[in-house]
file start-v6.pdb (PDB, C-alpha atoms, pLDDT in the B column)
ATOM      1  CA  MET T  49     117.114  85.413  76.369  1.00 55.00           C
ATOM      2  CA  GLU T  50     114.731  82.491  76.333  1.00 60.00           C
ATOM      3  CA  ASN T  51     117.246  80.362  74.427  1.00 67.00           C
ATOM      4  CA  ILE T  52     120.037  80.952  76.944  1.00 62.00           C
ATOM      5  CA  PRO T  53     119.920  78.554  79.887  1.00 62.00           C
ATOM      6  CA  LYS T  54     119.306  80.176  83.257  1.00 60.00           C
ATOM      7  CA  GLU T  55     122.401  78.461  84.693  1.00 60.00           C
ATOM      8  CA  ILE T  56     124.675  80.408  82.338  1.00 64.00           C
ATOM      9  CA  LEU T  57     123.217  83.803  83.193  1.00 73.00           C
ATOM     10  CA  ILE T  58     122.976  83.584  86.987  1.00 78.00           C
ATOM     11  CA  THR T  59     125.096  82.003  89.671  1.00 84.00           C
ATOM     12  CA  PRO T  60     123.876  80.021  92.670  1.00 86.00           C
ATOM     13  CA  GLU T  61     124.662  83.101  94.781  1.00 90.00           C
ATOM     14  CA  ASP T  62     122.404  85.206  92.538  1.00 88.00           C
ATOM     15  CA  GLU T  63     119.657  82.629  92.948  1.00 88.00           C
ATOM     16  CA  LYS T  64     120.079  82.701  96.727  1.00 93.00           C
ATOM     17  CA  GLN T  65     119.893  86.517  96.846  1.00 93.00           C
ATOM     18  CA  PHE T  66     116.801  86.478  94.650  1.00 92.00           C
ATOM     19  CA  GLN T  67     115.101  83.947  96.956  1.00 93.00           C
ATOM     20  CA  GLU T  68     115.993  86.043 100.008  1.00 95.00           C
ATOM     21  CA  LYS T  69     114.356  89.066  98.412  1.00 95.00           C
ATOM     22  CA  VAL T  70     111.237  87.087  97.537  1.00 94.00           C
ATOM     23  CA  GLU T  71     111.047  85.818 101.129  1.00 96.00           C
ATOM     24  CA  TYR T  72     111.407  89.407 102.392  1.00 95.00           C
ATOM     25  CA  ILE T  73     108.543  90.465 100.129  1.00 95.00           C
ATOM     26  CA  ASP T  74     106.411  87.560 101.379  1.00 95.00           C
ATOM     27  CA  LYS T  75     107.063  88.605 104.966  1.00 95.00           C
ATOM     28  CA  GLU T  76     106.599  92.381 104.630  1.00 93.00           C
ATOM     29  CA  PHE T  77     103.994  92.617 101.855  1.00 93.00           C
ATOM     30  CA  PRO T  78     100.852  92.029 103.979  1.00 93.00           C
ATOM     31  CA  GLN T  79     101.870  94.698 106.520  1.00 91.00           C
ATOM     32  CA  LYS T  80     102.669  97.292 103.859  1.00 90.00           C
ATOM     33  CA  LEU T  81      99.468  96.464 102.026  1.00 89.00           C
ATOM     34  CA  LYS T  82      97.413  96.965 105.156  1.00 90.00           C
ATOM     35  CA  LYS T  83      99.016 100.369 105.811  1.00 85.00           C
ATOM     36  CA  ALA T  84      98.700 101.590 102.245  1.00 86.00           C
ATOM     37  CA  GLU T  85      95.424 100.142 100.997  1.00 84.00           C
ATOM     38  CA  LYS T  86      93.282 103.097 102.081  1.00 83.00           C
ATOM     39  CA  ARG T  87      95.802 105.687 100.921  1.00 82.00           C
ATOM     40  CA  ILE T  88      96.521 104.581  97.378  1.00 86.00           C
ATOM     41  CA  SER T  89      94.350 103.953  94.364  1.00 88.00           C
ATOM     42  CA  PHE T  90      96.744 101.542  92.660  1.00 92.00           C
ATOM     43  CA  ILE T  91      96.477  98.795  95.281  1.00 91.00           C
ATOM     44  CA  GLU T  92      94.995  96.344  92.748  1.00 93.00           C
ATOM     45  CA  ASP T  93      98.081  96.809  90.575  1.00 94.00           C
ATOM     46  CA  VAL T  94     100.380  96.028  93.502  1.00 94.00           C
ATOM     47  CA  ILE T  95      98.395  92.892  94.354  1.00 94.00           C
ATOM     48  CA  ALA T  96      98.444  91.789  90.698  1.00 95.00           C
ATOM     49  CA  LEU T  97     102.240  92.180  90.637  1.00 96.00           C
ATOM     50  CA  TYR T  98     102.527  90.092  93.787  1.00 95.00           C
ATOM     51  CA  ASN T  99     100.306  87.378  92.289  1.00 95.00           C
ATOM     52  CA  TYR T 100     102.428  87.456  89.121  1.00 96.00           C
ATOM     53  CA  LEU T 101     105.576  87.027  91.214  1.00 95.00           C
ATOM     54  CA  LYS T 102     104.134  83.987  93.005  1.00 94.00           C
ATOM     55  CA  ASP T 103     103.226  82.179  89.763  1.00 94.00           C
ATOM     56  CA  ASN T 104     105.733  79.392  89.087  1.00 92.00           C
ATOM     57  CA  SER T 105     105.010  79.413  85.351  1.00 93.00           C
ATOM     58  CA  VAL T 106     106.383  82.964  84.940  1.00 92.00           C
ATOM     59  CA  LYS T 107     109.969  83.049  83.676  1.00 89.00           C
ATOM     60  CA  TRP T 108     112.582  84.110  86.226  1.00 86.00           C
ATOM     61  CA  TYR T 109     113.868  87.086  84.215  1.00 86.00           C
ATOM     62  CA  ARG T 110     110.317  88.486  83.992  1.00 90.00           C
ATOM     63  CA  LYS T 111     110.077  88.256  87.778  1.00 93.00           C
ATOM     64  CA  LEU T 112     113.245  90.328  88.310  1.00 92.00           C
ATOM     65  CA  ILE T 113     111.517  93.607  87.489  1.00 93.00           C
ATOM     66  CA  VAL T 114     108.562  92.675  89.722  1.00 96.00           C
ATOM     67  CA  VAL T 115     110.858  91.890  92.663  1.00 96.00           C
ATOM     68  CA  SER T 116     112.547  95.264  92.228  1.00 94.00           C
ATOM     69  CA  ALA T 117     109.243  97.132  92.046  1.00 95.00           C
ATOM     70  CA  LEU T 118     107.749  95.380  95.071  1.00 95.00           C
ATOM     71  CA  LEU T 119     110.926  95.872  97.101  1.00 94.00           C
ATOM     72  CA  TYR T 120     110.777  99.591  96.330  1.00 91.00           C
ATOM     73  CA  PHE T 121     107.114  99.675  97.355  1.00 91.00           C
ATOM     74  CA  ILE T 122     107.755  97.818 100.625  1.00 91.00           C
ATOM     75  CA  THR T 123     110.975  99.393 101.849  1.00 86.00           C
ATOM     76  CA  PRO T 124     110.604 102.512 103.981  1.00 79.00           C
ATOM     77  CA  ILE T 125     113.439 104.302 102.138  1.00 77.00           C
ATOM     78  CA  ASP T 126     111.856 106.137  99.201  1.00 73.00           C
ATOM     79  CA  THR T 127     112.673 109.060  96.984  1.00 72.00           C
ATOM     80  CA  ILE T 128     109.523 110.693  98.371  1.00 71.00           C
ATOM     81  CA  PRO T 129     108.648 109.493 101.896  1.00 73.00           C
ATOM     82  CA  ASP T 130     105.266 107.741 102.075  1.00 67.00           C
ATOM     83  CA  LEU T 131     104.275 109.912 105.023  1.00 66.00           C
ATOM     84  CA  ALA T 132     104.272 113.080 102.885  1.00 69.00           C
ATOM     85  CA  PRO T 133     100.638 114.113 102.328  1.00 62.00           C
ATOM     86  CA  LEU T 134      99.268 113.668  98.795  1.00 64.00           C
ATOM     87  CA  VAL T 135     102.630 113.049  97.097  1.00 76.00           C
ATOM     88  CA  GLY T 136     104.089 110.355  99.347  1.00 78.00           C
ATOM     89  CA  TYR T 137     103.156 107.477  97.075  1.00 83.00           C
ATOM     90  CA  LEU T 138     103.854 109.141  93.716  1.00 86.00           C
ATOM     91  CA  ASP T 139     107.296 107.571  93.398  1.00 88.00           C
ATOM     92  CA  ASP T 140     105.846 104.167  94.307  1.00 89.00           C
ATOM     93  CA  LEU T 141     103.163 104.653  91.666  1.00 91.00           C
ATOM     94  CA  GLY T 142     105.834 105.431  89.071  1.00 92.00           C
ATOM     95  CA  VAL T 143     107.800 102.285  89.878  1.00 93.00           C
ATOM     96  CA  ILE T 144     104.683 100.089  89.913  1.00 94.00           C
ATOM     97  CA  ALA T 145     103.482 101.612  86.621  1.00 95.00           C
ATOM     98  CA  ALA T 146     106.885 100.994  85.012  1.00 95.00           C
ATOM     99  CA  ALA T 147     106.816  97.351  86.109  1.00 96.00           C
ATOM    100  CA  ILE T 148     103.315  96.875  84.710  1.00 95.00           C
ATOM    101  CA  LYS T 149     104.336  98.555  81.451  1.00 95.00           C
ATOM    102  CA  TYR T 150     107.297  96.162  81.204  1.00 92.00           C
ATOM    103  CA  ILE T 151     105.125  93.101  81.790  1.00 94.00           C
ATOM    104  CA  GLY T 152     102.410  94.311  79.444  1.00 92.00           C
ATOM    105  CA  SER T 153      99.254  92.284  78.954  1.00 92.00           C
ATOM    106  CA  GLU T 154     100.744  89.300  80.839  1.00 93.00           C
ATOM    107  CA  ILE T 155      99.562  90.942  84.082  1.00 94.00           C
ATOM    108  CA  LYS T 156      95.821  90.926  83.258  1.00 94.00           C
ATOM    109  CA  PRO T 157      95.025  87.419  84.577  1.00 93.00           C
ATOM    110  CA  TYR T 158      96.587  88.276  87.946  1.00 94.00           C
ATOM    111  CA  TYR T 159      94.069  90.919  88.946  1.00 92.00           C
ATOM    112  CA  ARG T 160      91.528  89.811  91.562  1.00 82.00           C
ATOM    113  CA  TYR T 161      88.598  91.401  89.735  1.00 65.00           C
ATOM    114  CA  GLN T 162      88.290  90.778  86.023  1.00 58.00           C
ATOM    115  CA  PRO T 163      85.190  92.145  84.356  1.00 52.00           C
ATOM    116  CA  THR T 164      83.594  89.827  81.840  1.00 53.00           C
ATOM    117  CA  GLN T 165      83.181  90.862  78.234  1.00 51.00           C
ATOM    118  CA  LYS T 166      79.389  90.954  78.638  1.00 52.00           C
ATOM    119  CA  LYS T 167      79.577  93.238  81.666  1.00 51.00           C
ATOM    120  CA  GLU T 168      81.891  95.635  79.790  1.00 51.00           C
ATOM    121  CA  GLU T 169      79.428  95.741  76.875  1.00 52.00           C
ATOM    122  CA  GLU T 170      76.543  96.496  79.268  1.00 51.00           C
ATOM    123  CA  GLU T 171      78.528  99.353  80.800  1.00 48.00           C
ATOM    124  CA  GLU T 172      79.255 100.761  77.339  1.00 51.00           C
ATOM    125  CA  GLU T 173      75.533 100.638  76.478  1.00 52.00           C
ATOM    126  CA  LEU T 174      74.742 102.635  79.611  1.00 49.00           C
ATOM    127  CA  LEU T 175      77.188 105.326  78.508  1.00 53.00           C
ATOM    128  CA  PHE T 176      75.537 105.828  75.112  1.00 45.00           C
TER     129      PHE T 176
END

call {"tool": "encode", "arguments": {"input": "start-v6.pdb", "output": "structure tokens"}}
result
Amino acid sequence: MENIPKEILITPEDEKQFQEKVEYIDKEFPQKLKKAEKRISFIEDVIALYNYLKDNSVKWYRKLIVVSALLYFITPIDTIPDLAPLVGYLDDLGVIAAAIKYIGSEIKPYYRYQPTQKKEEEEEELLF
């Protein structure tokens, strides 16, 4: 896919729709984050995906899965409504986890908190 020019694979209309979705995410993301941050444990993953999306060096086809995942997280229409106690965010977690699995280790630099190697070693020493 990297050898095929972007212009061959997507049309200007596709590009426009993609930009509209990114703009929607930019607009709605802070509000959804504020509502969900105390309810979910995977908030750092969601923020890392957003940071990954905003990076201009990331290839466009890698961003497609992130846009889809973040749109699913933001939109109020879910398989399991977010208002349902305990299980409301399980479907969101599944979609976010799938996106992170797809991206793989590329996502690591986009987390806000990154423990240093030395700190990880110190924590391991405390465990033993």

call {"tool": "axis_aligned_box", "arguments": {"input": "start-v6.pdb", "around": "stretch 142-154 of chain T", "padding_each_side": "3 Å", "output": "lines of an AutoDock Vina configuration file"}}
result
center_x = 103.5
center_y = 97.4
center_z = 84.4
size_x = 14.5
size_y = 22.1
size_z = 17.0

call {"tool": "residues_around", "arguments": {"input": "start-v6.pdb", "residues": "T:Phe77", "least_positions_apart": "4", "cutoff": "7 Å", "atoms": "all atoms listed in the file", "output": "ChimeraX atom specification"}}
result
/T:73,81,122

call {"tool": "residues_around", "arguments": {"input": "start-v6.pdb", "residues": "T:Leu141", "least_positions_apart": "5", "cutoff": "9 Å", "atoms": "only C-alpha atoms", "output": "list of chain:residue names"}}
result
T:Ile88, T:Phe90, T:Phe121, T:Ala146

call {"tool": "residues_near_point", "arguments": {"input": "start-v6.pdb", "point": "(103.6, 91.7, 92.4)", "cutoff": "10 Å", "atoms": "all atoms listed in the file", "output": "compact mmCIF listing (two decimals) with C-alpha atoms, in the frame of the given file"}}
result
# COMPACT_ATOMS: atom_id res chain seq x y z
CA ILE T 73 108.54 90.46 100.13
CA PHE T 77 103.99 92.62 101.86
CA GLU T 92 95.00 96.34 92.75
CA ASP T 93 98.08 96.81 90.58
CA VAL T 94 100.38 96.03 93.50
CA ILE T 95 98.40 92.89 94.35
CA ALA T 96 98.44 91.79 90.70
CA LEU T 97 102.24 92.18 90.64
CA TYR T 98 102.53 90.09 93.79
CA ASN T 99 100.31 87.38 92.29
CA TYR T 100 102.43 87.46 89.12
CA LEU T 101 105.58 87.03 91.21
CA LYS T 102 104.13 83.99 93.00
CA ASP T 103 103.23 82.18 89.76
CA LYS T 111 110.08 88.26 87.78
CA ILE T 113 111.52 93.61 87.49
CA VAL T 114 108.56 92.68 89.72
CA VAL T 115 110.86 91.89 92.66
CA SER T 116 112.55 95.26 92.23
CA ALA T 117 109.24 97.13 92.05
CA LEU T 118 107.75 95.38 95.07
CA LEU T 119 110.93 95.87 97.10
CA ILE T 144 104.68 100.09 89.91
CA ALA T 147 106.82 97.35 86.11
CA ILE T 148 103.32 96.88 84.71
CA ILE T 155 99.56 90.94 84.08
CA TYR T 158 96.59 88.28 87.95

call {"tool": "atom_distance", "arguments": {"input": "start-v6.pdb", "atom1": "atom CA of T:Lys80", "atom2": "atom CA of T:Gln65"}}
result
21.5 Å

call {"tool": "closest_residue", "arguments": {"input": "start-v6.pdb", "among": "T:Pro129, T:Ala145, T:Leu57, T:Thr123", "to": "T:Gln79", "atoms": "only C-alpha atoms"}}
result
T:Thr123

call {"tool": "atom_distance", "arguments": {"input": "start-v6.pdb", "atom1": "atom CA of T:Ile128", "atom2": "atom CA of T:Lys86"}}
result
18.3 Å

call {"tool": "closest_residue", "arguments": {"input": "start-v6.pdb", "among": "T:Leu112, T:Ala84, T:Val106, T:Ile58", "to": "T:Val70", "atoms": "all atoms listed in the file"}}
result
T:Leu112

call {"tool": "atom_distance", "arguments": {"input": "start-v6.pdb", "atom1": "atom CA of T:Tyr120", "atom2": "atom CA of T:Tyr137"}}
result
11.0 Å

call {"tool": "closest_residue", "arguments": {"input": "start-v6.pdb", "among": "T:Glu154, T:Glu71, T:Asp140, T:Lys64", "to": "T:Ser89", "atoms": "only C-alpha atoms"}}
result
T:Asp140

call {"tool": "closest_residue", "arguments": {"input": "start-v6.pdb", "among": "T:Asp139, T:Asp74, T:Asp62, T:Glu85", "to": "T:Thr127", "atoms": "all atoms listed in the file"}}
result
T:Asp139
